[in-house]
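Coordinates from my_file.pdb are shown below (PDB, C-alpha atoms and all ligand atoms).
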```pdb
ATOM      1  CA  MET A  26       0.000   0.000   0.000
ATOM      2  CA  ARG A  27       2.803   2.397   0.963
ATOM      3  CA  ILE A  28       4.496   1.731  -2.335
ATOM      4  CA  LEU A  29       1.238   2.381  -4.168
ATOM      5  CA  ILE A  30       0.825   5.704  -2.372
ATOM      6  CA  LEU A  31       4.420   6.670  -3.181
ATOM      7  CA  ILE A  32       3.902   5.801  -6.814
ATOM      8  CA  PHE A  33       0.713   7.849  -6.800
ATOM      9  CA  ILE A  34       2.448  10.877  -5.258
ATOM     10  CA  PHE A  35       5.305  10.563  -7.739
ATOM     11  CA  PHE A  36       2.805  10.400 -10.585
ATOM     12  CA  ILE A  37       0.956  13.532  -9.447
ATOM     13  CA  ASN A  38       4.225  15.449  -8.992
ATOM     14  CA  SER A  39       5.644  14.487 -12.326
ATOM     15  CA  CYS A  40       2.400  15.379 -14.072
ATOM     16  CA  GLU A  41       2.416  18.868 -12.609
ATOM     17  CA  LYS A  42       6.037  19.494 -13.475
ATOM     18  CA  ASN A  43       5.920  18.088 -16.976
ATOM     19  CA  ASP A  44       3.119  20.419 -17.969
ATOM     20  CA  ILE A  45       5.301  23.525 -17.707
ATOM     21  CA  PRO A  46       8.109  23.650 -20.258
ATOM     22  CA  GLU A  47      11.505  24.910 -19.157
ATOM     23  CA  PHE A  48      12.920  28.196 -20.404
ATOM     24  CA  ASP A  49      16.506  27.831 -21.604
ATOM     25  CA  GLY A  50      18.203  31.093 -20.586
ATOM     26  CA  LYS A  51      21.507  30.097 -22.202
ATOM     27  CA  HIS A  52      19.858  29.428 -25.538
ATOM     28  CA  SER A  53      17.931  32.683 -25.298
ATOM     29  CA  TYR A  54      21.215  34.496 -24.569
ATOM     30  CA  GLU A  55      22.589  33.093 -27.852
ATOM     31  CA  PHE A  56      19.847  35.091 -29.573
ATOM     32  CA  LEU A  57      20.995  38.204 -27.691
ATOM     33  CA  LEU A  58      24.573  37.636 -28.910
ATOM     34  CA  LYS A  59      23.358  36.940 -32.440
ATOM     35  CA  GLN A  60      21.487  40.259 -32.590
ATOM     36  CA  CYS A  61      24.539  42.174 -31.403
ATOM     37  CA  GLU A  62      26.665  40.516 -34.117
ATOM     38  CA  PHE A  63      24.634  42.581 -36.584
ATOM     39  CA  GLY A  64      25.885  45.751 -34.854
ATOM     40  CA  PRO A  65      23.515  48.570 -33.848
ATOM     41  CA  ARG A  66      20.011  47.996 -35.254
ATOM     42  CA  ASN A  67      18.654  51.539 -35.405
ATOM     43  CA  PRO A  68      16.229  52.305 -38.266
ATOM     44  CA  GLY A  69      18.083  53.153 -41.469
ATOM     45  CA  SER A  70      21.250  51.228 -40.470
ATOM     46  CA  ILE A  71      22.643  48.116 -42.168
ATOM     47  CA  GLY A  72      22.240  46.207 -38.894
ATOM     48  CA  HIS A  73      18.544  47.082 -38.827
ATOM     49  CA  GLN A  74      18.064  45.914 -42.394
ATOM     50  CA  GLN A  75      20.001  42.670 -41.906
ATOM     51  CA  PHE A  76      18.519  41.684 -38.578
ATOM     52  CA  SER A  77      15.028  42.418 -39.905
ATOM     53  CA  LYS A  78      15.664  39.844 -42.627
ATOM     54  CA  TYR A  79      17.138  37.359 -40.147
ATOM     55  CA  LEU A  80      14.195  37.687 -37.757
ATOM     56  CA  GLU A  81      11.650  37.317 -40.547
ATOM     57  CA  GLU A  82      13.353  34.122 -41.756
ATOM     58  CA  PHE A  83      13.632  32.778 -38.209
ATOM     59  CA  LEU A  84       9.902  33.289 -37.608
ATOM     60  CA  ASN A  85       8.948  31.983 -41.044
ATOM     61  CA  GLU A  86      10.688  28.710 -40.315
ATOM     62  CA  ILE A  87       8.448  28.245 -37.291
ATOM     63  CA  ASP A  88       5.247  29.293 -39.047
ATOM     64  CA  ASN A  89       4.785  30.322 -42.667
ATOM     65  CA  GLU A  90       1.753  32.460 -41.787
ATOM     66  CA  ILE A  91       3.479  35.189 -39.776
ATOM     67  CA  ILE A  92       2.154  38.720 -40.130
ATOM     68  CA  VAL A  93       4.537  41.462 -41.264
ATOM     69  CA  GLN A  94       3.091  44.891 -40.561
ATOM     70  CA  ASN A  95       4.799  47.557 -42.695
ATOM     71  CA  PHE A  96       4.387  51.205 -41.756
ATOM     72  CA  ASN A  97       5.887  54.645 -42.338
ATOM     73  CA  TYR A  98       6.587  57.168 -39.611
ATOM     74  CA  LYS A  99       8.394  60.418 -38.996
ATOM     75  CA  GLU A 100      11.530  59.811 -36.966
ATOM     76  CA  HIS A 101      11.759  62.883 -34.758
ATOM     77  CA  ILE A 102      15.510  62.938 -34.033
ATOM     78  CA  THR A 103      16.363  63.681 -37.687
ATOM     79  CA  SER A 104      12.835  64.573 -38.925
ATOM     80  CA  LYS A 105      13.259  61.896 -41.618
ATOM     81  CA  MET A 106      10.546  59.549 -42.849
ATOM     82  CA  GLN A 107      11.387  55.899 -42.150
ATOM     83  CA  ASN A 108       9.909  52.486 -42.918
ATOM     84  CA  GLY A 109       9.116  50.233 -39.992
ATOM     85  CA  LYS A 110       8.268  46.539 -39.670
ATOM     86  CA  ASN A 111       6.395  44.849 -36.841
ATOM     87  CA  PHE A 112       6.506  41.029 -36.906
ATOM     88  CA  ILE A 113       3.711  38.941 -35.399
ATOM     89  CA  ILE A 114       3.704  35.188 -34.831
ATOM     90  CA  GLN A 115       0.633  33.490 -33.357
ATOM     91  CA  PHE A 116       0.211  30.245 -31.422
ATOM     92  CA  ASN A 117      -3.015  28.385 -30.640
ATOM     93  CA  LYS A 118      -4.705  30.550 -33.262
ATOM     94  CA  GLU A 119      -8.190  29.152 -32.586
ATOM     95  CA  SER A 120      -8.298  30.189 -28.941
ATOM     96  CA  ASN A 121     -10.393  33.217 -28.000
ATOM     97  CA  GLU A 122      -8.436  33.713 -24.785
ATOM     98  CA  ARG A 123      -5.344  35.595 -25.977
ATOM     99  CA  LEU A 124      -2.196  37.038 -24.447
ATOM    100  CA  LEU A 125       0.091  39.387 -26.369
ATOM    101  CA  ILE A 126       3.772  39.317 -25.462
ATOM    102  CA  GLY A 127       5.801  42.093 -27.061
ATOM    103  CA  ALA A 128       9.331  43.467 -27.247
ATOM    104  CA  HIS A 129      11.083  46.017 -29.450
ATOM    105  CA  TRP A 130      13.769  44.789 -31.835
ATOM    106  CA  ASP A 131      15.175  48.163 -32.916
ATOM    107  CA  THR A 132      17.973  49.964 -31.068
ATOM    108  CA  ARG A 133      18.745  53.645 -30.466
ATOM    109  CA  SER A 134      20.537  55.726 -33.117
ATOM    110  CA  ILE A 135      22.304  57.992 -30.602
ATOM    111  CA  SER A 136      23.954  57.522 -27.189
ATOM    112  CA  ASP A 137      22.369  60.631 -25.743
ATOM    113  CA  GLU A 138      22.884  59.606 -22.104
ATOM    114  CA  GLU A 139      26.684  59.308 -22.534
ATOM    115  CA  SER A 140      28.732  61.355 -20.062
ATOM    116  CA  GLU A 141      31.518  61.561 -22.668
ATOM    117  CA  LEU A 142      30.194  64.152 -25.080
ATOM    118  CA  ASP A 143      32.114  62.922 -28.146
ATOM    119  CA  LYS A 144      30.331  59.572 -27.883
ATOM    120  CA  ARG A 145      26.805  60.962 -27.940
ATOM    121  CA  GLU A 146      26.451  60.763 -31.723
ATOM    122  CA  LEU A 147      27.245  57.027 -31.783
ATOM    123  CA  PRO A 148      24.467  54.427 -32.107
ATOM    124  CA  VAL A 149      23.755  52.153 -29.120
ATOM    125  CA  LEU A 150      24.506  48.418 -29.495
ATOM    126  CA  GLY A 151      21.413  47.637 -27.442
ATOM    127  CA  ALA A 152      22.401  44.305 -25.874
ATOM    128  CA  ASN A 153      19.908  45.056 -23.143
ATOM    129  CA  ASP A 154      17.757  47.816 -24.659
ATOM    130  CA  GLY A 155      16.406  45.935 -27.683
ATOM    131  CA  ALA A 156      18.187  42.583 -27.845
ATOM    132  CA  SER A 157      17.228  41.217 -24.407
ATOM    133  CA  GLY A 158      13.441  41.382 -24.827
ATOM    134  CA  THR A 159      13.713  40.160 -28.409
ATOM    135  CA  ALA A 160      15.905  37.241 -27.274
ATOM    136  CA  VAL A 161      13.254  36.211 -24.727
ATOM    137  CA  LEU A 162      10.541  36.328 -27.416
ATOM    138  CA  MET A 163      12.621  34.325 -29.922
ATOM    139  CA  GLU A 164      13.194  31.604 -27.328
ATOM    140  CA  LEU A 165       9.490  31.649 -26.396
ATOM    141  CA  ALA A 166       8.607  31.154 -30.076
ATOM    142  CA  LEU A 167      10.618  27.914 -30.071
ATOM    143  CA  VAL A 168       9.003  26.732 -26.827
ATOM    144  CA  PHE A 169       5.467  27.455 -28.082
ATOM    145  CA  SER A 170       6.102  25.668 -31.340
ATOM    146  CA  ASP A 171       7.241  22.521 -29.469
ATOM    147  CA  ASN A 172       4.639  22.789 -26.664
ATOM    148  CA  PRO A 173       1.334  24.199 -27.940
ATOM    149  CA  PRO A 174       0.211  26.702 -25.272
ATOM    150  CA  PRO A 175      -3.194  26.245 -23.570
ATOM    151  CA  ILE A 176      -4.174  29.849 -24.408
ATOM    152  CA  GLY A 177      -3.693  31.864 -27.585
ATOM    153  CA  ILE A 178      -0.366  33.688 -27.717
ATOM    154  CA  ASP A 179       0.549  36.563 -30.019
ATOM    155  CA  LEU A 180       4.255  37.359 -30.003
ATOM    156  CA  VAL A 181       4.806  40.859 -31.373
ATOM    157  CA  PHE A 182       8.257  42.158 -32.314
ATOM    158  CA  PHE A 183       7.856  45.938 -32.434
ATOM    159  CA  ASP A 184      10.049  48.158 -34.561
ATOM    160  CA  ALA A 185      10.867  51.838 -33.938
ATOM    161  CA  GLU A 186      10.456  51.972 -30.173
ATOM    162  CA  ASP A 187      13.710  53.825 -29.493
ATOM    163  CA  VAL A 188      13.377  56.598 -32.082
ATOM    164  CA  GLY A 189      12.182  59.491 -29.910
ATOM    165  CA  ILE A 190      13.559  62.717 -28.504
ATOM    166  CA  SER A 191      14.571  62.438 -24.867
ATOM    167  CA  GLY A 192      11.925  64.060 -22.663
ATOM    168  CA  GLN A 193       9.192  63.759 -25.333
ATOM    169  CA  PRO A 194       7.659  60.329 -24.669
ATOM    170  CA  THR A 195       5.147  60.335 -27.503
ATOM    171  CA  THR A 196       7.950  60.625 -30.092
ATOM    172  CA  PHE A 197       8.996  57.097 -29.053
ATOM    173  CA  ALA A 198       7.192  53.764 -29.614
ATOM    174  CA  MET A 199       6.200  54.346 -33.257
ATOM    175  CA  GLY A 200       5.808  50.607 -33.956
ATOM    176  CA  SER A 201       3.366  49.960 -31.127
ATOM    177  CA  GLU A 202       1.631  53.251 -31.934
ATOM    178  CA  TYR A 203       0.931  52.054 -35.478
ATOM    179  CA  PHE A 204       0.073  48.524 -34.337
ATOM    180  CA  SER A 205      -2.449  49.745 -31.762
ATOM    181  CA  LYS A 206      -4.146  52.077 -34.260
ATOM    182  CA  ASN A 207      -4.232  49.402 -36.964
ATOM    183  CA  LEU A 208      -4.705  46.135 -35.068
ATOM    184  CA  PRO A 209      -3.731  43.304 -37.447
ATOM    185  CA  ILE A 210      -4.945  40.625 -35.000
ATOM    186  CA  LYS A 211      -7.917  40.049 -32.729
ATOM    187  CA  LYS A 212      -7.666  42.245 -29.625
ATOM    188  CA  PRO A 213      -5.997  40.225 -26.822
ATOM    189  CA  GLN A 214      -7.359  40.338 -23.249
ATOM    190  CA  ASN A 215      -3.920  40.990 -21.741
ATOM    191  CA  ALA A 216      -0.509  42.117 -22.885
ATOM    192  CA  ILE A 217       2.990  41.918 -21.439
ATOM    193  CA  ILE A 218       5.917  43.914 -22.808
ATOM    194  CA  VAL A 219       9.450  42.820 -21.927
ATOM    195  CA  ASP A 220      12.221  45.390 -22.236
ATOM    196  CA  MET A 221      15.681  45.749 -20.650
ATOM    197  CA  VAL A 222      15.549  42.346 -18.957
ATOM    198  CA  GLY A 223      19.131  41.273 -19.686
ATOM    199  CA  ASP A 224      20.925  43.301 -16.983
ATOM    200  CA  LYS A 225      23.412  41.089 -15.084
ATOM    201  CA  ASN A 226      22.192  42.746 -11.920
ATOM    202  CA  LEU A 227      18.503  42.239 -12.630
ATOM    203  CA  LYS A 228      15.985  43.969 -10.311
ATOM    204  CA  ILE A 229      12.440  44.350 -11.578
ATOM    205  CA  PRO A 230      10.090  46.507  -9.542
ATOM    206  CA  ILE A 231       6.554  47.229 -10.776
ATOM    207  CA  GLU A 232       6.498  49.854 -13.502
ATOM    208  CA  ARG A 233       3.937  52.488 -12.480
ATOM    209  CA  PHE A 234       1.809  52.791 -15.629
ATOM    210  CA  SER A 235       1.459  48.983 -15.565
ATOM    211  CA  TYR A 236       0.033  49.094 -12.069
ATOM    212  CA  LYS A 237      -2.524  51.712 -13.128
ATOM    213  CA  ILE A 238      -3.456  49.927 -16.353
ATOM    214  CA  ASN A 239      -3.642  46.281 -15.219
ATOM    215  CA  PRO A 240      -3.123  45.863 -11.455
ATOM    216  CA  ASP A 241      -4.590  42.324 -11.446
ATOM    217  CA  LEU A 242      -2.038  41.026 -13.935
ATOM    218  CA  VAL A 243       0.779  42.781 -12.070
ATOM    219  CA  LYS A 244      -0.252  41.183  -8.764
ATOM    220  CA  GLU A 245      -0.610  37.761 -10.341
ATOM    221  CA  LEU A 246       2.808  37.862 -12.028
ATOM    222  CA  TRP A 247       4.760  39.302  -9.109
ATOM    223  CA  SER A 248       3.234  36.865  -6.624
ATOM    224  CA  LEU A 249       3.967  33.976  -8.987
ATOM    225  CA  ALA A 250       7.580  35.222  -9.170
ATOM    226  CA  GLU A 251       7.753  35.078  -5.390
ATOM    227  CA  GLU A 252       6.339  31.534  -5.346
ATOM    228  CA  LEU A 253       8.938  30.478  -7.897
ATOM    229  CA  ASP A 254      11.792  32.191  -5.999
ATOM    230  CA  LEU A 255      12.629  34.405  -8.960
ATOM    231  CA  GLU A 256      14.623  36.914  -6.985
ATOM    232  CA  ALA A 257      14.882  39.583  -9.686
ATOM    233  CA  PHE A 258      11.235  40.502  -9.146
ATOM    234  CA  ASN A 259      10.527  43.010  -6.361
ATOM    235  CA  TYR A 260       6.981  43.733  -5.291
ATOM    236  CA  THR A 261       7.578  47.483  -4.988
ATOM    237  CA  LEU A 262       6.559  50.373  -7.210
ATOM    238  CA  GLY A 263       9.314  51.647  -9.500
ATOM    239  CA  TYR A 264       9.444  54.403 -12.118
ATOM    240  CA  GLU A 265       6.823  55.477 -14.603
ATOM    241  CA  ILE A 266       8.237  54.489 -17.997
ATOM    242  CA  TYR A 267       6.711  55.285 -21.368
ATOM    243  CA  ASP A 268       7.191  52.025 -23.266
ATOM    244  CA  ASP A 269       5.277  49.996 -25.876
ATOM    245  CA  HIS A 270       2.579  49.106 -23.320
ATOM    246  CA  VAL A 271       1.307  52.720 -23.133
ATOM    247  CA  PRO A 272       0.161  53.080 -26.801
ATOM    248  CA  LEU A 273      -1.429  49.610 -26.582
ATOM    249  CA  TRP A 274      -3.548  50.813 -23.697
ATOM    250  CA  GLU A 275      -4.231  54.354 -24.902
ATOM    251  CA  ASN A 276      -5.087  53.559 -28.521
ATOM    252  CA  ALA A 277      -6.572  50.068 -28.332
ATOM    253  CA  GLN A 278      -7.512  49.659 -24.638
ATOM    254  CA  ILE A 279      -5.381  46.538 -24.416
ATOM    255  CA  PRO A 280      -4.547  46.208 -20.697
ATOM    256  CA  ALA A 281      -0.789  46.024 -21.070
ATOM    257  CA  ILE A 282       2.043  45.926 -18.556
ATOM    258  CA  ASP A 283       5.805  46.363 -18.868
ATOM    259  CA  ILE A 284       8.423  44.084 -17.325
ATOM    260  CA  ILE A 285      11.467  46.369 -17.238
ATOM    261  CA  ASP A 286      14.586  46.976 -15.157
ATOM    262  CA  PHE A 287      15.501  50.593 -15.725
ATOM    263  CA  ASP A 288      18.363  50.758 -13.185
ATOM    264  CA  TYR A 289      21.017  49.254 -15.451
ATOM    265  CA  PRO A 290      23.104  48.166 -13.583
ATOM    266  CA  ASN A 291      22.036  50.052 -10.421
ATOM    267  CA  LEU A 292      20.781  53.309  -8.923
ATOM    268  CA  PHE A 293      24.139  55.063  -9.083
ATOM    269  CA  TYR A 294      24.981  54.890 -12.754
ATOM    270  CA  ASN A 295      23.147  53.811 -15.864
ATOM    271  CA  TYR A 296      24.279  52.120 -19.096
ATOM    272  CA  TRP A 297      20.920  52.957 -20.676
ATOM    273  CA  HIS A 298      21.365  54.812 -24.001
ATOM    274  CA  THR A 299      25.161  54.715 -23.676
ATOM    275  CA  GLN A 300      28.064  52.842 -25.267
ATOM    276  CA  ASN A 301      28.048  50.545 -22.230
ATOM    277  CA  ASP A 302      24.873  48.744 -23.277
ATOM    278  CA  VAL A 303      26.936  45.713 -24.373
ATOM    279  CA  VAL A 304      26.709  41.918 -24.019
ATOM    280  CA  GLU A 305      29.216  41.826 -21.124
ATOM    281  CA  ASN A 306      26.676  43.675 -18.990
ATOM    282  CA  CYS A 307      23.931  41.118 -19.658
ATOM    283  CA  SER A 308      23.491  37.544 -18.494
ATOM    284  CA  PRO A 309      21.671  34.325 -19.444
ATOM    285  CA  GLN A 310      20.398  33.953 -15.856
ATOM    286  CA  SER A 311      18.481  37.209 -16.138
ATOM    287  CA  LEU A 312      16.707  36.136 -19.336
ATOM    288  CA  GLN A 313      16.064  32.787 -17.645
ATOM    289  CA  GLN A 314      14.141  34.375 -14.769
ATOM    290  CA  VAL A 315      11.864  36.387 -17.039
ATOM    291  CA  GLY A 316      11.231  33.487 -19.411
ATOM    292  CA  THR A 317      10.536  31.116 -16.536
ATOM    293  CA  LEU A 318       7.943  33.477 -15.075
ATOM    294  CA  LEU A 319       6.157  33.837 -18.415
ATOM    295  CA  LEU A 320       6.055  30.090 -19.063
ATOM    296  CA  ASN A 321       4.743  29.346 -15.579
ATOM    297  CA  TYR A 322       2.078  32.011 -15.993
ATOM    298  CA  ILE A 323       0.979  30.613 -19.347
ATOM    299  CA  TYR A 324       1.070  26.847 -18.700
ATOM    300  CA  ASP A 325       0.054  26.748 -15.025
TER     301      ASP A 325
HETATM  302 ZN    ZN B 401      15.817  52.666 -25.162
END
```

The structure given in the file should be rewritten as structure tokens.
Amino acid sequence: MRILILIFIFFINSCEKNDIPEFDGKHSYEFLLKQCEFGPRNPGSIGHQQFSKYLEEFLNEIDNEIIVQNFNYKEHITSKMQNGKNFIIQFNKESNERLLIGAHWDTRSISDEESELDKRELPVLGANDGASGTAVLMELALVFSDNPPPIGIDLVFFDAEDVGISGQPTTFAMGSEYFSKNLPIKKPQNAIIVDMVGDKNLKIPIERFSYKINPDLVKELWSLAEELDLEAFNYTLGYEIYDDHVPLWENAQIPAIDIIDFDYPNLFYNYWHTQNDVVENCSPQSLQQVGTLLLNYIYD
């Protein structure tokens, strides 16, 4: 009898665990490195053009029905017109219960937060600001294709997030602005943006707009992070950050939140929008924590 009970307990445990796929942080980090091999990926650059092609091919291999949303916008730093591309890949297409997970794949054309003035004109490599969120989404795409998710998932790779003038939030996030005004998919019930999640010293408080827009989702995710011992997540209120989640909410009323660590690497200095946003300052373990939380949220 005791053996039977033990077998039963083992069976229950293994069932629960097997249902949630693992997130491979190291493999995701390879995607971060790959993006940075293309150099800076700011709109108009060769890196932008080449990575756009690479990403489209990568997604096409998983599903030949991806959506490519082309758009034009005025880039405010130079006042030039640019072409943008948002990429969308969908899983469990039949489901009416849908979650959008988004990240921006473009990087910033200037290092305007550099303390060394002669470096301010240089484009940012964007290992964290651009590549980290995109690397998480690319890895998720592989997981969802091997393990069909129980709810509908729309992975959206936004272009032209980092194209604005510092201090003028609405000149940023042109890709999500266009997407939310021209929804190419059915409106999802929830949305999660991931941005700047590669920091070696990852600390993720609650972004303030997110808490106003979708407090239920915030509470659910941060308490799940605590249950899973994902130490990067702190249940405290952080900054208010204008990111791709804001246009989603304002233009399409999609209740979107932002998972972001703005103190890169800490409170005292910041690599954000500088020449120090490089792969050495990012880590696979950080991507692992964010990916693990998302998979547990989706499959549990
Ligand atoms: Zn940025």

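Atom pair atom CA of A:Glu90 / atom CA of A:Trp274: separated by 26.3 Å.
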
Between atom CA of A:Tyr324 and atom CA of A:Glu122 - distance in Å to one decimal =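 Result for atom CA of A:Glu122 versus atom CA of A:Tyr324: 13.2 Å, one decimal.
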
Nearest to A:Asn295 among A:Ser140, A:Ser205, A:Glu119, A:Asp44, with distances taken over all atoms listed in the file: which residue is it?
-> A:Ser140

For each of A:Gln115, A:Thr317, A:Asn306, A:Gln107, take the minimum atom-to-atom distance to A:Ile210, counting all atoms listed in the file, then give the residue where this is smallest.
-> A:Gln115

Evaluate the PyMOL selection byres (((not hetatm)) within 8 of (chain B and resi 401)) here and jot the selected residues down as a ChimeraX atom specification.
-> /A:132-133,151,154-155,186-187,297-298

Using the chain letters and residue numbers of this document, give as a short mmCIF file (atom, residue, chain, number, x, y, z; two decimals) with C-alpha atoms, keeping the file's coordinate frame the residues selected by the PyMOL selection byres (((chain A and resi 161) around 9) and not hetatm).
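So the final result, stored in expr_26.cif, reads:
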```cif
data_model
loop_
_atom_site.label_atom_id
_atom_site.label_comp_id
_atom_site.auth_asym_id
_atom_site.auth_seq_id
_atom_site.Cartn_x
_atom_site.Cartn_y
_atom_site.Cartn_z
CA GLY A 50 18.20 31.09 -20.59
CA SER A 53 17.93 32.68 -25.30
CA TYR A 54 21.22 34.50 -24.57
CA PHE A 56 19.85 35.09 -29.57
CA LEU A 57 21.00 38.20 -27.69
CA ALA A 128 9.33 43.47 -27.25
CA ALA A 156 18.19 42.58 -27.84
CA SER A 157 17.23 41.22 -24.41
CA GLY A 158 13.44 41.38 -24.83
CA THR A 159 13.71 40.16 -28.41
CA ALA A 160 15.90 37.24 -27.27
CA LEU A 162 10.54 36.33 -27.42
CA MET A 163 12.62 34.33 -29.92
CA GLU A 164 13.19 31.60 -27.33
CA LEU A 165 9.49 31.65 -26.40
CA ALA A 166 8.61 31.15 -30.08
CA VAL A 219 9.45 42.82 -21.93
CA VAL A 222 15.55 42.35 -18.96
CA LEU A 312 16.71 36.14 -19.34
CA GLN A 313 16.06 32.79 -17.64
CA VAL A 315 11.86 36.39 -17.04
CA GLY A 316 11.23 33.49 -19.41
#
```

Mind checking which residues fall within 7 Å of A:Val304, counting all atoms listed in the file, ignoring those fewer than 2 positions away in the same chain, and posting them as a list of chain:residue names?
-> A:Leu58, A:Ala152, A:Asn306, A:Cys307

Of the residues A:Asn207, A:Pro194, A:Lys59, A:Asp137, which is the one nearest to A:Gln94, using only C-alpha atoms?
->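 Using only C-alpha atoms, the shortest distance to A:Gln94 belongs to A:Asn207.
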
What gap, in Å, lies between atom CA of A:Phe63 and atom CA of A:Leu208?
-> 29.6 Å

So which one's closest to A:Lys244, A:Ile87, A:Leu292, A:Phe169, A:Tyr322? Using only C-alpha atoms, please.
->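 Smallest separation from A:Lys244 among the options: A:Tyr322.
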
Do you know which residues are at most 9 Å from A:Glu146 counting all atoms listed in the file, after dropping those on the same chain fewer than 2 positions away, and could you put them as a ChimeraX atom specification?
-> /A:134-137,142-144,148

Counting all atoms listed in the file, figure out which residue out of A:Ser104, A:Ile91, A:Pro290, A:Pro46 gets nearest to A:Thr196.
-> A:Ser104

Spatial neighbours of A:Asn259, max dist 8 Å, only C-alpha atoms, sep filter under 5 positions, as a list in words |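 Counting only the stated atoms, we get Lys228, Ile229, Pro230, Ile231 and Trp247 of chain A.
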
Could you tell me which of A:Cys61, A:Ile285, A:Val168, A:Ile178 comes closest to A:Ser120 if we count only C-alpha atoms?
-> A:Ile178

Leaving out A:Phe116 and any residue of its chain fewer than 4 positions from it, which residues lie within 8 Å of it when counting all atoms listed in the file, given as a CSV table (one decimal) with C-alpha atoms, in the coordinates of the input?
```csv
chain,number,residue,atom,x,y,z
A,169,PHE,CA,5.5,27.5,-28.1
A,170,SER,CA,6.1,25.7,-31.3
A,173,PRO,CA,1.3,24.2,-27.9
A,174,PRO,CA,0.2,26.7,-25.3
A,177,GLY,CA,-3.7,31.9,-27.6
A,178,ILE,CA,-0.4,33.7,-27.7
A,179,ASP,CA,0.5,36.6,-30.0
```

Target residues per the PyMOL selection byres (((chain A and resi 197) around 10) and not hetatm), formatted as a ChimeraX atom specification = /A:100-101,185-196,198-202,267-269,272

Could I see stretch 220-235 of chain A restored to N, CA and C atoms, set down as a short mmCIF file (atom, residue, chain, number, x, y, z; two decimals), keeping the file's coordinate frame?
```
data_model
loop_
_atom_site.label_atom_id
_atom_site.label_comp_id
_atom_site.auth_asym_id
_atom_site.auth_seq_id
_atom_site.Cartn_x
_atom_site.Cartn_y
_atom_site.Cartn_z
N ASP A 220 11.23 44.44 -21.74
CA ASP A 220 12.22 45.39 -22.24
C ASP A 220 13.30 45.55 -21.17
N MET A 221 14.55 45.59 -21.58
CA MET A 221 15.68 45.75 -20.65
C MET A 221 15.63 44.70 -19.53
N VAL A 222 15.61 43.44 -19.94
CA VAL A 222 15.55 42.35 -18.96
C VAL A 222 16.83 41.51 -18.96
N GLY A 223 17.89 42.04 -19.60
CA GLY A 223 19.13 41.27 -19.69
C GLY A 223 20.18 41.67 -18.67
N ASP A 224 19.97 42.78 -17.98
CA ASP A 224 20.92 43.30 -16.98
C ASP A 224 21.44 42.18 -16.07
N LYS A 225 22.79 42.08 -15.97
CA LYS A 225 23.41 41.09 -15.08
C LYS A 225 22.90 41.21 -13.66
N ASN A 226 22.68 42.47 -13.27
CA ASN A 226 22.19 42.75 -11.92
C ASN A 226 20.70 43.07 -12.03
N LEU A 227 19.91 42.01 -12.30
CA LEU A 227 18.50 42.24 -12.63
C LEU A 227 17.64 42.48 -11.38
N LYS A 228 16.93 43.63 -11.39
CA LYS A 228 15.98 43.97 -10.31
C LYS A 228 14.76 44.54 -11.00
N ILE A 229 13.63 43.89 -10.86
CA ILE A 229 12.44 44.35 -11.58
C ILE A 229 11.32 44.74 -10.62
N PRO A 230 11.23 46.05 -10.33
CA PRO A 230 10.09 46.51 -9.54
C PRO A 230 8.87 46.62 -10.47
N ILE A 231 7.76 47.07 -9.95
CA ILE A 231 6.55 47.23 -10.78
C ILE A 231 6.59 48.60 -11.45
N GLU A 232 6.52 48.58 -12.76
CA GLU A 232 6.50 49.85 -13.50
C GLU A 232 5.13 50.51 -13.23
N ARG A 233 5.14 51.83 -13.00
CA ARG A 233 3.94 52.49 -12.48
C ARG A 233 2.73 52.53 -13.41
N PHE A 234 2.95 52.79 -14.70
CA PHE A 234 1.81 52.79 -15.63
C PHE A 234 1.14 51.41 -15.61
N SER A 235 1.97 50.36 -15.54
CA SER A 235 1.46 48.98 -15.56
C SER A 235 0.49 48.76 -14.41
#
```
